[in-house]
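K.L.:
Okay, here's the structure, questions in a sec.
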Amino acid sequence: MIFSFFTDSGGTGQWWIVFDRWYAGPLKEKLKRPFVHLMFGARQTGKSTLLNALLPLDTLRIDLSDPEERSRHLSQPGEFLALCRGLPPQRKGQVVFVDEVQAVPAIFDAVQHLYDRDKERWRFVLCGSSARKLRRTGANLLPGRSFIHRLYPLTLAEHPPLLKSPHAFSPLPLIWPGGGIPPNPFPAWDLQARLAYGALPGIVSSEEKDRPELLKAFSIIHLEEEIRREALVKDWGAFLRFLRLAAAESGQILNYAAISQEIGISQPTVKAYYQLLEDMFIGFRVPAYAKSPRKNLLSTPKFFFFDLGVRHAAAGLIPSLDIVNVNPGPLLEQWVGIELWKRLQYLGRGQLHYQRSRQGAEVDFIIEDNSSLTPIEVKWSEHPKLQDARHILTFLREHPNQSKHGYLICRSSRPMEIHESVTALPWFCL
């Protein structure tokens with residue numbers, strides 16, 4: 001669940017609005033296990049809000065995004081140990097929650113010290129929005145002692161469409177924990193709004209007039225300023241030029257040489273900048289499928305920003321419906337890729353790929369799950385035709401043992417069979 005606080009227009013009352021998160025149920029059960037729990041994800045995906053809703057009221061909370069708190073723990077390494085040891089013992093263990101833990105990596109060593117000496121006295125929950133500093137400092141991520149959790153922007157299951165089809169079968173279903181549907185979903189949006197503003201919880205629950213400024217603030221404050229604060233980039237101007245270009249080319253095949261030439265930095269630096277975005281959970285790669293019998297296929301991965309609204313703002317655009325109207329097809333393709341990627345991460349299995357020949361024939365996405373392959377094409381069309389599925393059919397013929405059926409994600413009003421092996425699926429049925 002995710003909780004938002006409001007006051008009425010007269011300022012005389014207050015109430016809670018509750019929205020459900022898909023991962024709340026699995027996380028609640030896992031938090032009962034006697035291990036250290038590490039929660040990672042990009043800023044504004046709702047990590048702290050979700051954990052604060054699930055953890056007991058008497059939890060010791062340490063927020064390292066607070067400059068005063070962060071400075072105190074950096075300057076006094078023994079502060080954390082002293083706070084934990086000062087807590088009264090409890091039968092089920094006293095919960096200690098540290099937010100933005102990457103700001104003080106030494107806390108991982110302190111947690112291991114306490115956990116190894118008494119696995120029952122404390123329940124540690126550590127939350128972070130960047131793995132860069134942890135990797136750079138060689139932080140101890142507590143192997144063999146920890147569960148790792150990740151939270152992402154909203155999925156279609158949490159943020160439902162305005163239209164639904166009870167007869168659709170998704171190529172990658174994300175079933176709500178316990179079955180059924182969430183009793184308190186986030187507000188329903190149409191497709192254009194999703195492509196314009198993305199799926200961060202705070203954006204989805206805000207008024208439309210506020211969304212562009214909120215996304216701009218994310219780009220400036222939560223992205224640019226965090227990188228600056230952590231001193232992760234030496235040439236700030238070059239990085240900002242890279243960020244805009246990388247955002248503008250989200251969903252495209254990586255071309256380090258072209259970006260290097262346009263920005264005026266070396267290819268190793270370009271690669272390091274992309275890795276930085278991954279470390280901050282701002283983007284992810286979709287590798288090319290490499291097990292095809294064909295030899296004329298590209299092998300370079302694609303790179304996607306994790307959220308379309310953030311992508312627009314980082315590219316220097318004003319998130320709005322106007323952006324969608326200019327060129328909606330590539331944005332729909334990105335939305336489908338992001339949605340499939342989030343589901344695979346939550347399900348904890350499978351891999352997302354794409355395939356493209358040197359002649360330009362492309363299958364937008366391929367879901368590899370155990371030994372099965374599901375090819376997926378994305379078209380903006382409301383009236384898909386068999387011609388739109390030609391690359392899917394080629395893929396099915398080339399992989400007869402692993403791939404039996406393909407899907408064309410589009411804007412049709414209902415699912416339809418355009419070939420015995422291909423279903424055209426409305427986006428809201430994905």
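Going by the structure tokens order, chains are called A, B, ..., each with residues numbered from 1, while ligands are numbered from 1 in the order shown.
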Please identify all polymer residues within 12 Å of A:Arg397, counting only C-alpha atoms, omitting same-chain residues fewer than 3 positions from it, and present them as a list in words.

P.N.:
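Here the qualifying residues turn out to be Ser292, Pro293, Arg294, Pro375, Arg390, His391, Ile392, Leu393, Thr394, Pro400, Asn401, Gln402, Ser403, Lys404, His405, Gly406 and Ser421 of chain A.
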
K.L.:
Would you save the residues from that selection as an mmCIF file, in the first residue's frame, using N, CA and C atoms?

P.N.:
data_model
loop_
_atom_site.group_PDB
_atom_site.id
_atom_site.type_symbol
_atom_site.label_atom_id
_atom_site.label_comp_id
_atom_site.auth_asym_id
_atom_site.auth_seq_id
_atom_site.Cartn_x
_atom_site.Cartn_y
_atom_site.Cartn_z
ATOM 1 N N SER A 292 19.777 -16.933 -32.312
ATOM 2 C CA SER A 292 19.041 -17.152 -33.553
ATOM 3 C C SER A 292 19.900 -17.882 -34.577
ATOM 4 N N PRO A 293 19.281 -18.680 -35.462
ATOM 5 C CA PRO A 293 20.055 -19.338 -36.528
ATOM 6 C C PRO A 293 20.583 -18.351 -37.562
ATOM 7 N N ARG A 294 19.986 -17.161 -37.628
ATOM 8 C CA ARG A 294 20.461 -16.159 -38.586
ATOM 9 C C ARG A 294 21.773 -15.546 -38.113
ATOM 10 N N PRO A 375 7.628 -13.703 -29.034
ATOM 11 C CA PRO A 375 7.936 -12.479 -29.765
ATOM 12 C C PRO A 375 6.770 -11.480 -29.682
ATOM 13 N N ARG A 390 4.562 -9.670 -39.802
ATOM 14 C CA ARG A 390 5.448 -10.469 -40.646
ATOM 15 C C ARG A 390 6.746 -10.855 -39.941
ATOM 16 N N HIS A 391 7.308 -9.941 -39.121
ATOM 17 C CA HIS A 391 8.561 -10.272 -38.424
ATOM 18 C C HIS A 391 8.318 -11.282 -37.298
ATOM 19 N N ILE A 392 7.133 -11.215 -36.688
ATOM 20 C CA ILE A 392 6.779 -12.224 -35.684
ATOM 21 C C ILE A 392 6.704 -13.600 -36.339
ATOM 22 N N LEU A 393 6.063 -13.681 -37.481
ATOM 23 C CA LEU A 393 5.915 -14.970 -38.161
ATOM 24 C C LEU A 393 7.265 -15.537 -38.589
ATOM 25 N N THR A 394 8.159 -14.661 -39.043
ATOM 26 C CA THR A 394 9.515 -15.121 -39.383
ATOM 27 C C THR A 394 10.206 -15.695 -38.161
ATOM 28 N N PRO A 400 10.812 -22.987 -34.060
ATOM 29 C CA PRO A 400 9.564 -23.758 -33.946
ATOM 30 C C PRO A 400 9.413 -24.513 -32.640
ATOM 31 N N ASN A 401 10.507 -24.865 -31.990
ATOM 32 C CA ASN A 401 10.410 -25.644 -30.761
ATOM 33 C C ASN A 401 10.221 -24.782 -29.522
ATOM 34 N N GLN A 402 10.705 -23.555 -29.580
ATOM 35 C CA GLN A 402 10.636 -22.683 -28.409
ATOM 36 C C GLN A 402 9.527 -21.641 -28.484
ATOM 37 N N SER A 403 9.117 -21.293 -29.691
ATOM 38 C CA SER A 403 8.179 -20.184 -29.857
ATOM 39 C C SER A 403 6.950 -20.658 -30.619
ATOM 40 N N LYS A 404 5.811 -20.626 -29.939
ATOM 41 C CA LYS A 404 4.579 -21.131 -30.545
ATOM 42 C C LYS A 404 3.591 -20.026 -30.897
ATOM 43 N N HIS A 405 3.689 -18.894 -30.228
ATOM 44 C CA HIS A 405 2.686 -17.843 -30.422
ATOM 45 C C HIS A 405 3.328 -16.480 -30.211
ATOM 46 N N GLY A 406 2.871 -15.496 -30.968
ATOM 47 C CA GLY A 406 3.368 -14.141 -30.834
ATOM 48 C C GLY A 406 2.230 -13.154 -30.630
ATOM 49 N N SER A 421 -1.206 -18.058 -35.273
ATOM 50 C CA SER A 421 -0.111 -18.018 -34.300
ATOM 51 C C SER A 421 0.159 -16.615 -33.764
#

K.L.:
Excluding stretch 77-81 of chain A and residues on its chain fewer than 6 positions from it, collect all residues at most 8 Å away from it, counting only C-alpha atoms, and give them as an MDAnalysis selection string.

P.N.:
chainID A and resid 106:107 110 114

K.L.:
Output C-alpha atoms of each residue in that selection to a file, as a PDB file, in the first residue's frame.

P.N.:
ATOM      1  CA  ALA A 106      29.914   2.304   6.605  1.00  0.00           C
ATOM      2  CA  ILE A 107      26.489   1.543   8.051  1.00  0.00           C
ATOM      3  CA  ALA A 110      27.889  -1.752  11.436  1.00  0.00           C
ATOM      4  CA  LEU A 114      25.355  -6.216  15.108  1.00  0.00           C
TER       5      LEU A 114
END

K.L.:
Considering only helix (DSSP H, G or I) as DSSP defines it on the backbone, what residues of stretch 142-271 of chain A qualify? List them as a short mmCIF file (atom, residue, chain, number, x, y, z; two decimals) with C-alpha atoms, in the first residue's frame.

P.N.:
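File written: part_24.cif
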data_model
loop_
_atom_site.label_atom_id
_atom_site.label_comp_id
_atom_site.auth_asym_id
_atom_site.auth_seq_id
_atom_site.Cartn_x
_atom_site.Cartn_y
_atom_site.Cartn_z
CA LEU A 191 -2.88 5.68 -23.04
CA GLN A 192 -1.92 9.24 -23.99
CA ALA A 193 -1.55 10.28 -20.35
CA ARG A 194 0.69 7.29 -19.64
CA LEU A 195 2.92 8.12 -22.57
CA ALA A 196 3.11 11.78 -21.53
CA TYR A 197 3.61 11.55 -17.77
CA PRO A 201 3.34 7.13 -7.89
CA GLY A 202 3.54 10.80 -6.94
CA ILE A 203 2.94 11.87 -10.54
CA VAL A 204 0.02 9.53 -11.09
CA GLU A 208 -2.49 17.06 -14.32
CA LYS A 209 -1.53 20.73 -14.13
CA ASP A 210 1.21 19.93 -11.59
CA ARG A 211 2.80 16.97 -13.37
CA PRO A 212 5.19 18.84 -15.71
CA GLU A 213 6.73 20.81 -12.84
CA LEU A 214 7.01 17.74 -10.63
CA LEU A 215 8.81 15.81 -13.37
CA LYS A 216 11.10 18.77 -14.07
CA ALA A 217 11.95 18.83 -10.35
CA PHE A 218 12.77 15.13 -10.48
CA SER A 219 15.17 15.73 -13.36
CA ILE A 220 16.86 18.72 -11.72
CA ILE A 221 16.81 17.82 -8.03
CA HIS A 222 16.60 14.05 -7.73
CA LEU A 223 18.75 13.28 -10.75
CA GLU A 224 21.17 16.09 -11.50
CA GLU A 225 21.70 17.24 -7.91
CA GLU A 226 22.18 13.73 -6.52
CA ILE A 227 24.87 13.05 -9.10
CA ARG A 228 26.50 16.38 -8.28
CA ARG A 229 26.32 15.78 -4.52
CA TRP A 236 29.25 18.48 -15.33
CA GLY A 237 28.47 20.25 -18.60
CA ALA A 238 29.37 17.18 -20.67
CA PHE A 239 27.23 14.97 -18.47
CA LEU A 240 24.18 17.22 -18.84
CA ARG A 241 24.58 17.11 -22.63
CA PHE A 242 24.88 13.34 -22.42
CA LEU A 243 21.79 13.09 -20.19
CA ARG A 244 19.63 15.01 -22.65
CA LEU A 245 20.84 12.96 -25.59
CA ALA A 246 20.52 9.63 -23.77
CA ALA A 247 16.97 10.52 -22.76
CA ALA A 248 16.05 11.63 -26.27
CA TYR A 256 28.60 4.96 -28.20
CA ALA A 257 30.59 6.32 -31.13
CA ALA A 258 27.84 8.68 -32.33
CA ILE A 259 27.17 10.02 -28.82
CA SER A 260 30.88 10.42 -28.16
CA GLN A 261 31.30 12.45 -31.34
CA GLU A 262 28.24 14.63 -30.75
CA ILE A 263 29.06 15.48 -27.14
CA GLN A 267 33.63 6.42 -25.73
CA PRO A 268 34.77 4.98 -22.36
CA THR A 269 33.27 8.06 -20.69
CA VAL A 270 29.99 7.56 -22.57
CA LYS A 271 29.89 3.95 -21.38
#

K.L.:
My list of candidates is A:Tyr354, A:Phe305, A:Trp176, A:Phe428. Which is closest to A:Ser413 when distances are computed with only C-alpha atoms?

P.N.:
A:Phe428
